[in-house]
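Shown next: work_5.cif, containing mmCIF, C-alpha atoms.
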```cif
data_my_file
loop_
_atom_site.label_atom_id
_atom_site.label_comp_id
_atom_site.auth_asym_id
_atom_site.auth_seq_id
_atom_site.Cartn_x
_atom_site.Cartn_y
_atom_site.Cartn_z
CA MET M 1 0.00 0.00 0.00
CA ASP M 2 1.24 3.47 -0.89
CA LEU M 3 1.81 5.53 2.27
CA LYS M 4 0.38 8.60 0.53
CA ASN M 5 -3.00 6.88 0.30
CA PHE M 6 -2.97 5.93 3.98
CA THR M 7 -4.41 9.30 5.04
CA HIS M 8 -7.46 8.72 2.83
CA LEU M 9 -8.44 5.48 4.54
CA PRO M 10 -11.39 5.37 6.98
CA PHE M 11 -10.68 6.37 10.55
CA TYR M 12 -11.28 2.94 12.04
CA ILE M 13 -8.74 1.36 9.67
CA LYS M 14 -6.09 3.94 10.55
CA LEU M 15 -6.84 3.53 14.24
CA ALA M 16 -6.55 -0.25 13.97
CA CYS M 17 -3.21 0.05 12.16
CA VAL M 18 -1.83 2.47 14.76
CA LEU M 19 -2.98 0.32 17.70
CA PHE M 20 -1.58 -2.85 16.12
CA SER M 21 1.75 -1.11 15.47
CA LEU M 22 1.94 0.14 19.07
CA PHE M 23 1.05 -3.29 20.44
CA ALA M 24 3.63 -5.01 18.22
CA LEU M 25 6.30 -2.45 19.16
CA GLY M 26 5.54 -2.81 22.88
CA ALA M 27 5.66 -6.62 22.64
CA LEU M 28 9.02 -6.48 20.86
CA VAL M 29 10.41 -4.07 23.45
CA ILE M 30 9.33 -6.37 26.31
CA LEU M 31 10.63 -9.54 24.65
CA ALA M 32 13.97 -7.93 23.76
CA ARG M 33 14.50 -6.43 27.20
CA ASP M 34 17.61 -8.47 27.99
CA ILE M 35 19.24 -7.22 24.78
CA LEU M 36 17.95 -3.66 24.50
CA ALA M 37 18.42 -2.56 28.13
CA PRO M 38 22.22 -3.11 28.26
CA LEU M 39 22.53 -1.71 24.73
CA ILE M 40 20.83 1.55 25.70
CA PHE M 41 22.90 1.84 28.88
CA SER M 42 26.00 1.17 26.80
CA CYS M 43 25.03 3.83 24.29
CA LEU M 44 24.65 6.39 27.09
CA PHE M 45 27.99 5.38 28.63
CA ALA M 46 29.66 5.56 25.21
CA ILE M 47 28.32 9.08 24.64
CA LEU M 48 29.62 10.07 28.08
CA LEU M 49 33.07 8.53 27.50
CA MET M 50 33.53 9.68 23.90
CA PRO M 51 35.50 12.88 24.74
CA LEU M 52 37.80 10.87 27.02
CA ALA M 53 38.38 8.23 24.33
CA ASN M 54 39.06 10.96 21.76
CA PHE M 55 41.58 12.54 24.15
CA PHE M 56 43.52 9.29 24.53
CA GLU M 57 43.36 8.64 20.80
CA ARG M 58 44.27 12.09 19.46
CA ARG M 59 46.42 13.69 22.17
CA ILE M 60 48.24 10.67 23.58
CA ARG M 61 48.29 8.87 20.19
CA LEU M 62 46.92 5.59 21.49
CA PRO M 63 45.23 3.11 19.14
CA ARG M 64 41.46 3.39 19.08
CA GLY M 65 41.02 0.03 20.80
CA ALA M 66 43.40 0.92 23.63
CA ALA M 67 41.85 4.37 24.06
CA SER M 68 38.37 2.88 24.24
CA MET M 69 39.47 0.19 26.68
CA ILE M 70 41.15 2.69 29.04
CA ALA M 71 38.06 4.90 29.04
CA VAL M 72 35.83 1.94 29.91
CA ILE M 73 38.24 0.76 32.63
CA LEU M 74 38.23 4.22 34.24
CA LEU M 75 34.42 4.26 34.31
CA LEU M 76 34.36 0.72 35.67
CA SER M 77 36.84 1.69 38.40
CA MET M 78 34.65 4.58 39.55
CA ILE M 79 31.56 2.37 39.67
CA THR M 80 33.52 -0.34 41.51
CA VAL M 81 34.57 2.14 44.21
CA VAL M 82 30.96 3.22 44.76
CA LEU M 83 29.74 -0.40 44.86
CA TYR M 84 32.54 -1.32 47.30
CA VAL M 85 31.52 1.45 49.70
CA ILE M 86 27.86 0.43 49.48
CA GLY M 87 28.74 -3.26 49.88
CA SER M 88 30.89 -2.64 52.96
CA GLN M 89 28.11 -0.60 54.56
CA ILE M 90 25.55 -3.32 53.81
CA ALA M 91 27.91 -5.92 55.32
CA ASN M 92 28.05 -3.88 58.53
CA LEU M 93 24.26 -3.66 58.54
CA LEU M 94 23.96 -7.44 58.16
CA ARG M 95 26.31 -7.97 61.12
CA ASP M 96 24.00 -5.79 63.20
CA TRP M 97 20.88 -7.55 61.91
CA PRO M 98 19.80 -9.16 65.23
CA ALA M 99 19.93 -5.80 67.00
CA PHE M 100 18.17 -4.19 64.04
CA GLN M 101 15.41 -6.82 64.21
CA ALA M 102 14.93 -6.36 67.94
CA GLN M 103 14.80 -2.56 67.63
CA ILE M 104 12.20 -2.77 64.86
CA SER M 105 10.07 -5.06 67.05
CA ARG M 106 10.31 -2.65 70.01
CA SER M 107 9.44 0.32 67.82
CA LEU M 108 6.43 -1.46 66.38
CA TRP M 109 5.29 -2.43 69.88
CA ASN M 110 5.53 1.16 71.11
CA PHE M 111 3.73 2.40 68.01
CA ARG M 112 0.91 -0.09 68.54
CA GLY M 113 0.62 1.13 72.13
CA TRP M 114 0.30 4.73 70.95
CA VAL M 115 -2.38 3.73 68.41
CA SER M 116 -4.26 1.74 71.05
CA GLU M 117 -4.28 4.66 73.49
CA ASN M 118 -5.10 7.46 71.04
CA ILE M 119 -7.16 5.79 68.30
CA GLY M 120 -8.76 2.87 70.14
CA ILE M 121 -7.55 -0.04 67.97
CA THR M 122 -6.40 -2.90 70.17
CA ARG M 123 -2.89 -4.32 69.92
CA ARG M 124 -4.23 -7.70 68.77
CA LYS M 125 -6.03 -6.18 65.78
CA GLN M 126 -2.95 -4.20 64.86
CA LEU M 127 -0.78 -7.29 65.26
CA ASN M 128 -2.73 -9.18 62.61
CA VAL M 129 -2.09 -6.38 60.11
CA VAL M 130 1.54 -5.64 60.95
CA ASN M 131 2.83 -9.17 61.58
CA SER M 132 3.28 -10.27 57.97
CA ALA M 133 4.95 -7.03 56.91
CA ALA M 134 7.30 -7.04 59.90
CA SER M 135 8.28 -10.65 59.31
CA LYS M 136 9.20 -9.89 55.71
CA VAL M 137 11.34 -6.95 56.77
CA THR M 138 13.12 -8.50 59.73
CA SER M 139 13.14 -12.26 58.95
CA PRO M 140 14.16 -12.96 55.36
CA ASP M 141 13.60 -16.60 54.52
CA ALA M 142 15.60 -18.93 52.27
CA ALA M 143 13.46 -18.18 49.23
CA PHE M 144 14.11 -14.46 49.67
CA VAL M 145 17.84 -15.05 50.01
CA GLY M 146 17.82 -17.26 46.91
CA THR M 147 15.95 -14.64 44.93
CA THR M 148 18.39 -11.97 46.09
CA LEU M 149 21.40 -14.04 45.03
CA LEU M 150 19.79 -14.70 41.65
CA SER M 151 19.12 -11.00 41.22
CA LEU M 152 22.73 -10.17 42.13
CA SER M 153 24.04 -12.65 39.55
CA SER M 154 21.72 -11.14 36.94
CA ILE M 155 22.99 -7.65 37.81
CA VAL M 156 26.61 -8.81 37.46
CA LEU M 157 25.91 -10.31 34.01
CA PHE M 158 24.03 -7.15 33.05
CA LEU M 159 27.00 -4.98 34.01
CA ILE M 160 29.47 -7.24 32.18
CA PHE M 161 27.54 -7.09 28.92
CA THR M 162 26.95 -3.36 29.36
CA PHE M 163 30.66 -2.59 29.59
CA ILE M 164 31.45 -4.94 26.69
CA TYR M 165 28.89 -3.16 24.52
CA THR M 166 30.25 0.21 25.66
CA PHE M 167 33.72 -0.75 24.48
CA PHE M 168 32.42 -1.82 21.08
CA PHE M 169 30.33 1.35 20.72
CA LEU M 170 33.46 3.42 21.34
CA MET M 171 35.56 1.19 19.09
CA TYR M 172 33.19 1.36 16.11
CA ARG M 173 31.64 4.79 16.71
CA ARG M 174 32.61 6.17 13.28
CA LEU M 175 31.27 3.06 11.55
CA ILE M 176 27.97 3.39 13.42
CA LEU M 177 27.75 7.08 12.46
CA LYS M 178 28.28 6.26 8.79
CA PHE M 179 25.63 3.55 8.99
CA LEU M 180 23.05 5.90 10.50
CA GLU M 181 23.74 8.53 7.85
CA SER M 182 23.57 6.03 4.98
CA VAL M 183 20.16 4.70 6.07
CA PHE M 184 18.41 7.95 5.07
CA LEU M 185 18.08 9.67 1.72
CA GLU M 186 20.86 11.87 0.39
CA GLU M 187 18.96 15.13 0.95
CA ASN M 188 18.39 14.23 4.60
CA LYS M 189 21.94 13.19 5.47
CA GLN M 190 23.00 16.63 6.71
CA LYS M 191 19.97 16.91 8.97
CA VAL M 192 20.58 13.39 10.29
CA HIS M 193 24.20 14.27 11.01
CA ASP M 194 23.14 17.45 12.85
CA VAL M 195 20.59 15.51 14.91
CA ILE M 196 23.18 12.87 15.89
CA GLU M 197 25.71 15.52 16.89
CA GLN M 198 23.09 17.44 18.88
CA VAL M 199 21.93 14.27 20.64
CA GLN M 200 25.51 13.46 21.62
CA VAL M 201 26.25 16.93 23.01
CA ILE M 202 22.99 17.42 24.88
CA ILE M 203 22.80 13.89 26.28
CA ARG M 204 26.42 14.17 27.44
CA GLN M 205 25.63 17.44 29.22
CA TYR M 206 22.47 15.90 30.62
CA ILE M 207 24.27 12.84 32.02
CA VAL M 208 27.11 14.90 33.50
CA GLY M 209 24.53 17.19 35.10
CA LEU M 210 22.69 14.22 36.59
CA LEU M 211 25.95 12.83 38.00
CA ILE M 212 26.76 16.19 39.60
CA GLU M 213 23.22 16.39 40.98
CA MET M 214 23.53 12.85 42.34
CA THR M 215 26.81 13.74 44.06
CA ILE M 216 25.36 16.88 45.64
CA VAL M 217 22.24 15.09 46.91
CA ALA M 218 24.23 12.11 48.23
CA THR M 219 26.70 14.37 50.04
CA ALA M 220 23.98 16.59 51.52
CA VAL M 221 21.94 13.64 52.79
CA SER M 222 25.00 11.84 54.19
CA VAL M 223 26.19 14.94 56.07
CA THR M 224 22.73 15.77 57.41
CA LEU M 225 22.04 12.22 58.59
CA SER M 226 25.49 12.10 60.23
CA ILE M 227 24.69 15.30 62.12
CA LEU M 228 21.41 13.74 63.25
CA GLY M 229 23.36 10.73 64.55
CA VAL M 230 21.83 8.22 62.12
CA GLN M 231 23.86 5.06 61.63
CA TYR M 232 24.87 4.08 58.09
CA ALA M 233 24.49 7.69 56.97
CA ILE M 234 26.96 7.20 54.12
CA LEU M 235 25.08 4.15 52.86
CA LEU M 236 21.74 5.95 52.98
CA GLY M 237 23.24 9.01 51.27
CA LEU M 238 24.67 6.96 48.41
CA ILE M 239 21.41 5.07 47.97
CA THR M 240 19.51 8.36 47.96
CA GLY M 241 21.80 9.82 45.29
CA ILE M 242 21.36 6.77 43.07
CA PHE M 243 17.61 6.50 43.64
CA ASN M 244 17.25 10.21 42.93
CA LEU M 245 17.99 9.45 39.28
CA ILE M 246 14.41 8.11 39.18
CA PRO M 247 12.25 11.27 39.24
CA TYR M 248 9.75 11.64 42.09
CA PHE M 249 9.59 7.92 42.94
CA GLY M 250 13.28 7.51 43.78
CA ILE M 251 13.53 10.11 46.54
CA PHE M 252 10.45 8.78 48.33
CA ALA M 253 11.67 5.18 48.07
CA ALA M 254 14.97 6.29 49.61
CA MET M 255 13.04 8.18 52.30
CA VAL M 256 11.08 5.06 53.30
CA LEU M 257 14.26 2.96 53.36
CA SER M 258 16.13 5.55 55.43
CA ALA M 259 13.25 5.90 57.89
CA THR M 260 13.16 2.11 58.32
CA VAL M 261 16.89 1.88 58.95
CA THR M 262 16.73 4.80 61.37
CA LEU M 263 13.83 3.18 63.20
CA GLY M 264 15.81 -0.04 63.54
CA THR M 265 19.09 1.52 64.67
CA SER M 266 18.09 4.51 66.80
CA THR M 267 16.63 4.35 70.30
CA ASP M 268 15.06 7.80 69.84
CA SER M 269 12.01 7.49 67.61
CA THR M 270 11.81 11.25 67.09
CA VAL M 271 14.92 11.06 64.90
CA VAL M 272 12.75 9.41 62.24
CA ILE M 273 10.69 12.60 62.02
CA TYR M 274 13.84 14.65 61.38
CA VAL M 275 14.90 12.13 58.73
CA LEU M 276 11.57 12.53 56.95
CA ILE M 277 11.88 16.32 57.11
CA THR M 278 15.42 16.06 55.72
CA PHE M 279 14.24 14.14 52.69
CA LEU M 280 11.29 16.44 52.04
CA VAL M 281 13.53 19.53 52.20
CA THR M 282 16.11 17.80 49.98
CA HIS M 283 13.44 16.98 47.40
CA VAL M 284 12.16 20.58 47.35
CA LEU M 285 15.65 22.07 47.03
CA ASP M 286 16.69 19.53 44.41
CA SER M 287 13.60 20.04 42.25
CA ASN M 288 13.59 23.84 42.38
CA ILE M 289 17.26 24.81 42.70
CA ILE M 290 19.79 22.02 42.13
CA LEU M 291 18.17 20.35 39.11
CA PRO M 292 17.54 23.56 37.09
CA LEU M 293 20.93 25.00 38.03
CA VAL M 294 23.14 21.94 37.51
CA VAL M 295 21.33 19.92 34.85
CA GLY M 296 20.23 23.07 33.04
CA SER M 297 17.42 23.62 30.56
CA LYS M 298 18.84 21.89 27.50
CA VAL M 299 16.22 19.17 27.70
CA ARG M 300 13.28 20.01 29.95
CA ILE M 301 10.49 17.44 30.17
CA ASN M 302 7.20 18.25 31.86
CA ALA M 303 6.17 16.45 35.04
CA LEU M 304 3.25 14.57 33.46
CA VAL M 305 5.43 12.99 30.77
CA THR M 306 8.14 12.29 33.36
CA VAL M 307 5.78 10.35 35.63
CA LEU M 308 4.18 8.49 32.71
CA GLY M 309 7.61 7.64 31.34
CA VAL M 310 8.81 6.25 34.66
CA VAL M 311 5.62 4.18 35.12
CA ILE M 312 5.71 2.80 31.56
CA GLY M 313 9.45 2.11 31.87
CA GLU M 314 8.83 0.11 35.04
CA MET M 315 6.02 -1.83 33.36
CA PHE M 316 8.26 -2.73 30.41
CA TRP M 317 11.72 -3.23 31.91
CA GLY M 318 11.38 -2.95 35.69
CA ILE M 319 13.98 -0.92 37.58
CA SER M 320 16.26 -0.52 34.55
CA GLY M 321 13.30 0.88 32.62
CA MET M 322 12.73 3.48 35.34
CA PHE M 323 16.34 4.66 35.06
CA LEU M 324 16.30 4.70 31.24
CA SER M 325 12.90 6.32 30.74
CA ILE M 326 14.02 9.94 31.09
CA PRO M 327 17.17 9.72 28.88
CA VAL M 328 15.13 7.93 26.19
CA ILE M 329 12.41 10.60 26.33
CA ALA M 330 15.12 13.28 26.18
CA VAL M 331 16.57 11.73 23.01
CA LEU M 332 13.10 11.50 21.47
CA LYS M 333 12.43 15.15 22.27
CA ILE M 334 15.66 16.23 20.57
CA ILE M 335 14.69 14.27 17.46
CA PHE M 336 11.11 15.56 17.52
CA ASP M 337 12.28 19.17 17.80
CA ARG M 338 14.47 18.80 14.68
CA VAL M 339 11.97 16.99 12.44
CA GLU M 340 9.24 19.29 11.20
CA SER M 341 6.47 16.68 11.04
CA LEU M 342 7.23 15.58 14.63
CA GLN M 343 7.59 19.01 16.26
CA PRO M 344 4.10 18.89 17.90
CA TRP M 345 5.26 15.82 19.84
CA GLY M 346 8.37 17.71 20.93
CA ILE M 347 6.13 20.52 22.20
CA ILE M 348 3.94 18.19 24.29
CA LEU M 349 7.04 16.63 25.85
CA GLY M 350 8.44 20.04 26.80
CA ASP M 351 8.23 21.81 30.13
CA GLU M 352 6.82 25.25 29.29
CA GLU M 353 4.29 25.78 26.52
CA LYS M 354 5.45 29.28 25.62
CA LYS M 355 9.09 28.26 25.22
CA GLN M 356 8.18 25.14 23.27
CA ASN M 357 6.00 27.12 20.86
CA LYS M 358 8.87 29.54 20.28
CA LEU M 359 11.18 26.60 19.67
CA ALA M 360 8.85 24.99 17.17
CA THR M 361 8.36 28.31 15.35
CA LYS M 362 12.12 28.94 15.23
CA LEU M 363 12.86 25.48 13.85
CA LYS M 364 10.13 25.85 11.25
CA VAL M 365 11.55 29.19 10.08
CA GLU M 366 15.04 27.67 9.85
CA ASP M 367 13.76 24.78 7.74
CA GLU M 368 11.93 27.20 5.41
CA GLU M 369 15.10 29.28 4.99
CA VAL M 370 17.11 26.16 4.15
CA ALA M 371 14.48 25.08 1.64
CA GLU M 372 14.62 28.48 -0.09
#
```
Have the structure of the file written as structure tokens, please.
Amino acid sequence: MDLKNFTHLPFYIKLACVLFSLFALGALVILARDILAPLIFSCLFAILLMPLANFFERRIRLPRGAASMIAVILLLSMITVVLYVIGSQIANLLRDWPAFQAQISRSLWNFRGWVSENIGITRRKQLNVVNSAASKVTSPDAAFVGTTLLSLSSIVLFLIFTFIYTFFFLMYRRLILKFLESVFLEENKQKVHDVIEQVQVIIRQYIVGLLIEMTIVATAVSVTLSILGVQYAILLGLITGIFNLIPYFGIFAAMVLSATVTLGTSTDSTVVIYVLITFLVTHVLDSNIILPLVVGSKVRINALVTVLGVVIGEMFWGISGMFLSIPVIAVLKIIFDRVESLQPWGIILGDEEKKQNKLATKLKVEDEEVAE
């Protein structure tokens, strides 16, 4: 069927075709998760490491393979240091697990007493509700341990393939660029090249900004929790910085985890309140000051699309999908803003309607000038 005649078909036929295409695309994305997820992570890492690889290749005169390998090893070393610090902190927490379990039980008992005195719900009724949740938190069984070990092995394999793919992306980056340019028609090659270059620059700035934001948030939370006397403050700060890469959901997940650890390690229950206040203040400052200042406004995505992207990413790929949702949407927005027929989609993904309309108008005028 000629694509030009597609617009003249009845509405129900076009709707059926669009829905079938979306369903088929979603099914392929879900089925190919184990391949696509590390590939996308590798692509982002390769974009981040490309200036470093170019430095080793052009300034130090290393072969491309050696330059790419050194860049990947440096990134792997940084991640290994972070994982080592987190692992050592978790090992200390596991050694204190009996005391942690006992403290959680005492805290729950005191809380049930407060509820019984002020709300009128007896301890027995509360016990039936809380018992299962408390047992899952404080008494992990063999099945849970087995699942955890399986998940850890899967994460290790995921990281191995990710760094292998990153090396090959850096090694064959010029070949990949030529392939992407050759896929499109001759008159579109320059625009494709401009889009690829713009995606690389903006995504690199975006990732560096996120890493700086993560460092600031992790440091601030670690210092604040240390001042409050919370144990494992460094562990909770690092987890908060990493979780903060997931918009909205990550900071609140870290808040719940930190409150639980504080409740199980501190004899003063009021410290939990200060921990909750710390995370709320951190979220407000991060959203309104740190994120706009550090990450910048190169790619601004509105809150509705951000939340939908995180939810859909979790439905498709789980936790990895939540981390990848925002970079993928950012890449799509860059492409939509540069392609005239897709500019309305770039506008709906944007943060402020006025700025997005100006952007779409500017790009349209530029395309008309090039055509003339």
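Picture a line from atom CA of M:Cys43 to atom CA of M:Phe249; it runs 24.6 Å.
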message: Once the PyMOL selection byres ((chain M and resi 66) around 12) is applied to the coordinates I shared, what remains selected? I want it as a PyMOL selection string.
response: chain M and resi 52-58+60-65+67-73+167-168+170-171
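Each of M:Arg338, M:Ser226, M:Cys17, M:Pro10 was compared to M:Gln190 using only C-alpha atoms, and M:Arg338 turns out to be the nearest.
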message: Running the PyMOL selection byres ((chain M and resi 325) around 12) on this model by hand, what would come out? Give it as a ChimeraX atom specification.
response: /M:37,40-41,245-247,301,305-324,326-332
- request: Dump as a ChimeraX atom specification all residues having an atom at most 10 Å from (8.1, 15.6, 24.1), computed in the file's coordinates with only C-alpha atoms.
  value: /M:299-302,305-306,329-337,342-351,356
field: Output check: residues returned by the PyMOL selection byres ((chain M and resi 198-210) around 7), as a ChimeraX atom specification
entry: /M:47-48,194-197,211-214,294-295,298,331,334
Give me the residues near M:Ile251 as a PDB file with C-alpha atoms, in the coordinates of the input, where near means some atom within 10 Å (using all atoms listed in the file) and where sequence neighbours in that chain fewer than 4 positions away do not count.
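Printed below is out_16.pdb as written:
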```
ATOM      1  CA  ILE M 239      21.410   5.070  47.970  1.00  0.00           C
ATOM      2  CA  THR M 240      19.510   8.360  47.960  1.00  0.00           C
ATOM      3  CA  GLY M 241      21.800   9.820  45.290  1.00  0.00           C
ATOM      4  CA  ILE M 242      21.360   6.770  43.070  1.00  0.00           C
ATOM      5  CA  PHE M 243      17.610   6.500  43.640  1.00  0.00           C
ATOM      6  CA  ASN M 244      17.250  10.210  42.930  1.00  0.00           C
ATOM      7  CA  LEU M 245      17.990   9.450  39.280  1.00  0.00           C
ATOM      8  CA  ILE M 246      14.410   8.110  39.180  1.00  0.00           C
ATOM      9  CA  PRO M 247      12.250  11.270  39.240  1.00  0.00           C
ATOM     10  CA  MET M 255      13.040   8.180  52.300  1.00  0.00           C
ATOM     11  CA  VAL M 256      11.080   5.060  53.300  1.00  0.00           C
ATOM     12  CA  LEU M 257      14.260   2.960  53.360  1.00  0.00           C
ATOM     13  CA  PHE M 279      14.240  14.140  52.690  1.00  0.00           C
ATOM     14  CA  LEU M 280      11.290  16.440  52.040  1.00  0.00           C
ATOM     15  CA  THR M 282      16.110  17.800  49.980  1.00  0.00           C
ATOM     16  CA  HIS M 283      13.440  16.980  47.400  1.00  0.00           C
TER      17      HIS M 283
END
```
Please complete stretch 167-196 of chain M so it has N, CA and C atoms, and hand it over as a PDB file, in the frame of the given file.
```pdb
ATOM      1  N   PHE M 167      32.430  -0.716  25.168  1.00  0.00           N
ATOM      2  CA  PHE M 167      33.720  -0.750  24.480  1.00  0.00           C
ATOM      3  C   PHE M 167      33.541  -0.834  22.968  1.00  0.00           C
ATOM      4  N   PHE M 168      32.625  -1.681  22.516  1.00  0.00           N
ATOM      5  CA  PHE M 168      32.420  -1.820  21.080  1.00  0.00           C
ATOM      6  C   PHE M 168      31.779  -0.570  20.471  1.00  0.00           C
ATOM      7  N   PHE M 169      30.896   0.095  21.219  1.00  0.00           N
ATOM      8  CA  PHE M 169      30.330   1.350  20.720  1.00  0.00           C
ATOM      9  C   PHE M 169      31.427   2.391  20.520  1.00  0.00           C
ATOM     10  N   LEU M 170      32.354   2.472  21.483  1.00  0.00           N
ATOM     11  CA  LEU M 170      33.460   3.420  21.340  1.00  0.00           C
ATOM     12  C   LEU M 170      34.419   2.989  20.228  1.00  0.00           C
ATOM     13  N   MET M 171      34.627   1.702  20.093  1.00  0.00           N
ATOM     14  CA  MET M 171      35.560   1.190  19.090  1.00  0.00           C
ATOM     15  C   MET M 171      35.054   1.443  17.679  1.00  0.00           C
ATOM     16  N   TYR M 172      33.747   1.253  17.455  1.00  0.00           N
ATOM     17  CA  TYR M 172      33.190   1.360  16.110  1.00  0.00           C
ATOM     18  C   TYR M 172      32.257   2.562  15.967  1.00  0.00           C
ATOM     19  N   ARG M 173      32.547   3.646  16.710  1.00  0.00           N
ATOM     20  CA  ARG M 173      31.640   4.790  16.710  1.00  0.00           C
ATOM     21  C   ARG M 173      31.555   5.459  15.330  1.00  0.00           C
ATOM     22  N   ARG M 174      32.653   5.549  14.608  1.00  0.00           N
ATOM     23  CA  ARG M 174      32.610   6.170  13.280  1.00  0.00           C
ATOM     24  C   ARG M 174      31.855   5.281  12.294  1.00  0.00           C
ATOM     25  N   LEU M 175      32.005   3.986  12.412  1.00  0.00           N
ATOM     26  CA  LEU M 175      31.270   3.060  11.550  1.00  0.00           C
ATOM     27  C   LEU M 175      29.768   3.151  11.809  1.00  0.00           C
ATOM     28  N   ILE M 176      29.386   3.270  13.077  1.00  0.00           N
ATOM     29  CA  ILE M 176      27.970   3.390  13.420  1.00  0.00           C
ATOM     30  C   ILE M 176      27.413   4.703  12.885  1.00  0.00           C
ATOM     31  N   LEU M 177      28.196   5.786  12.975  1.00  0.00           N
ATOM     32  CA  LEU M 177      27.750   7.080  12.460  1.00  0.00           C
ATOM     33  C   LEU M 177      27.528   7.014  10.948  1.00  0.00           C
ATOM     34  N   LYS M 178      28.451   6.391  10.231  1.00  0.00           N
ATOM     35  CA  LYS M 178      28.280   6.260   8.790  1.00  0.00           C
ATOM     36  C   LYS M 178      27.050   5.423   8.441  1.00  0.00           C
ATOM     37  N   PHE M 179      26.810   4.388   9.225  1.00  0.00           N
ATOM     38  CA  PHE M 179      25.630   3.550   8.990  1.00  0.00           C
ATOM     39  C   PHE M 179      24.340   4.355   9.164  1.00  0.00           C
ATOM     40  N   LEU M 180      24.260   5.121  10.252  1.00  0.00           N
ATOM     41  CA  LEU M 180      23.050   5.900  10.500  1.00  0.00           C
ATOM     42  C   LEU M 180      22.821   6.948   9.419  1.00  0.00           C
ATOM     43  N   GLU M 181      23.892   7.546   8.906  1.00  0.00           N
ATOM     44  CA  GLU M 181      23.740   8.530   7.850  1.00  0.00           C
ATOM     45  C   GLU M 181      23.345   7.891   6.524  1.00  0.00           C
ATOM     46  N   SER M 182      23.850   6.690   6.251  1.00  0.00           N
ATOM     47  CA  SER M 182      23.570   6.030   4.980  1.00  0.00           C
ATOM     48  C   SER M 182      22.168   5.437   4.910  1.00  0.00           C
ATOM     49  N   VAL M 183      21.502   5.268   6.078  1.00  0.00           N
ATOM     50  CA  VAL M 183      20.160   4.700   6.070  1.00  0.00           C
ATOM     51  C   VAL M 183      19.159   5.644   5.422  1.00  0.00           C
ATOM     52  N   PHE M 184      19.379   6.965   5.556  1.00  0.00           N
ATOM     53  CA  PHE M 184      18.410   7.950   5.070  1.00  0.00           C
ATOM     54  C   PHE M 184      18.793   8.436   3.681  1.00  0.00           C
ATOM     55  N   LEU M 185      17.867   9.150   3.062  1.00  0.00           N
ATOM     56  CA  LEU M 185      18.080   9.670   1.720  1.00  0.00           C
ATOM     57  C   LEU M 185      19.190  10.718   1.718  1.00  0.00           C
ATOM     58  N   GLU M 186      19.723  10.961   0.525  1.00  0.00           N
ATOM     59  CA  GLU M 186      20.860  11.870   0.390  1.00  0.00           C
ATOM     60  C   GLU M 186      20.535  13.278   0.870  1.00  0.00           C
ATOM     61  N   GLU M 187      19.304  13.767   0.558  1.00  0.00           N
ATOM     62  CA  GLU M 187      18.960  15.130   0.950  1.00  0.00           C
ATOM     63  C   GLU M 187      18.741  15.277   2.451  1.00  0.00           C
ATOM     64  N   ASN M 188      18.605  14.164   3.150  1.00  0.00           N
ATOM     65  CA  ASN M 188      18.390  14.230   4.600  1.00  0.00           C
ATOM     66  C   ASN M 188      19.647  13.913   5.407  1.00  0.00           C
ATOM     67  N   LYS M 189      20.744  13.608   4.752  1.00  0.00           N
ATOM     68  CA  LYS M 189      21.940  13.190   5.470  1.00  0.00           C
ATOM     69  C   LYS M 189      22.488  14.285   6.380  1.00  0.00           C
ATOM     70  N   GLN M 190      22.484  15.540   5.885  1.00  0.00           N
ATOM     71  CA  GLN M 190      23.000  16.630   6.710  1.00  0.00           C
ATOM     72  C   GLN M 190      22.162  16.828   7.955  1.00  0.00           C
ATOM     73  N   LYS M 191      20.843  16.757   7.806  1.00  0.00           N
ATOM     74  CA  LYS M 191      19.970  16.910   8.970  1.00  0.00           C
ATOM     75  C   LYS M 191      20.167  15.752   9.947  1.00  0.00           C
ATOM     76  N   VAL M 192      20.341  14.542   9.425  1.00  0.00           N
ATOM     77  CA  VAL M 192      20.580  13.390  10.290  1.00  0.00           C
ATOM     78  C   VAL M 192      21.884  13.559  11.056  1.00  0.00           C
ATOM     79  N   HIS M 193      22.917  14.039  10.350  1.00  0.00           N
ATOM     80  CA  HIS M 193      24.200  14.270  11.010  1.00  0.00           C
ATOM     81  C   HIS M 193      24.073  15.317  12.104  1.00  0.00           C
ATOM     82  N   ASP M 194      23.331  16.396  11.834  1.00  0.00           N
ATOM     83  CA  ASP M 194      23.140  17.450  12.850  1.00  0.00           C
ATOM     84  C   ASP M 194      22.381  16.902  14.057  1.00  0.00           C
ATOM     85  N   VAL M 195      21.359  16.073  13.806  1.00  0.00           N
ATOM     86  CA  VAL M 195      20.590  15.510  14.910  1.00  0.00           C
ATOM     87  C   VAL M 195      21.464  14.604  15.771  1.00  0.00           C
ATOM     88  N   ILE M 196      22.296  13.777  15.137  1.00  0.00           N
ATOM     89  CA  ILE M 196      23.180  12.870  15.890  1.00  0.00           C
ATOM     90  C   ILE M 196      24.171  13.664  16.737  1.00  0.00           C
TER      91      ILE M 196
END
```
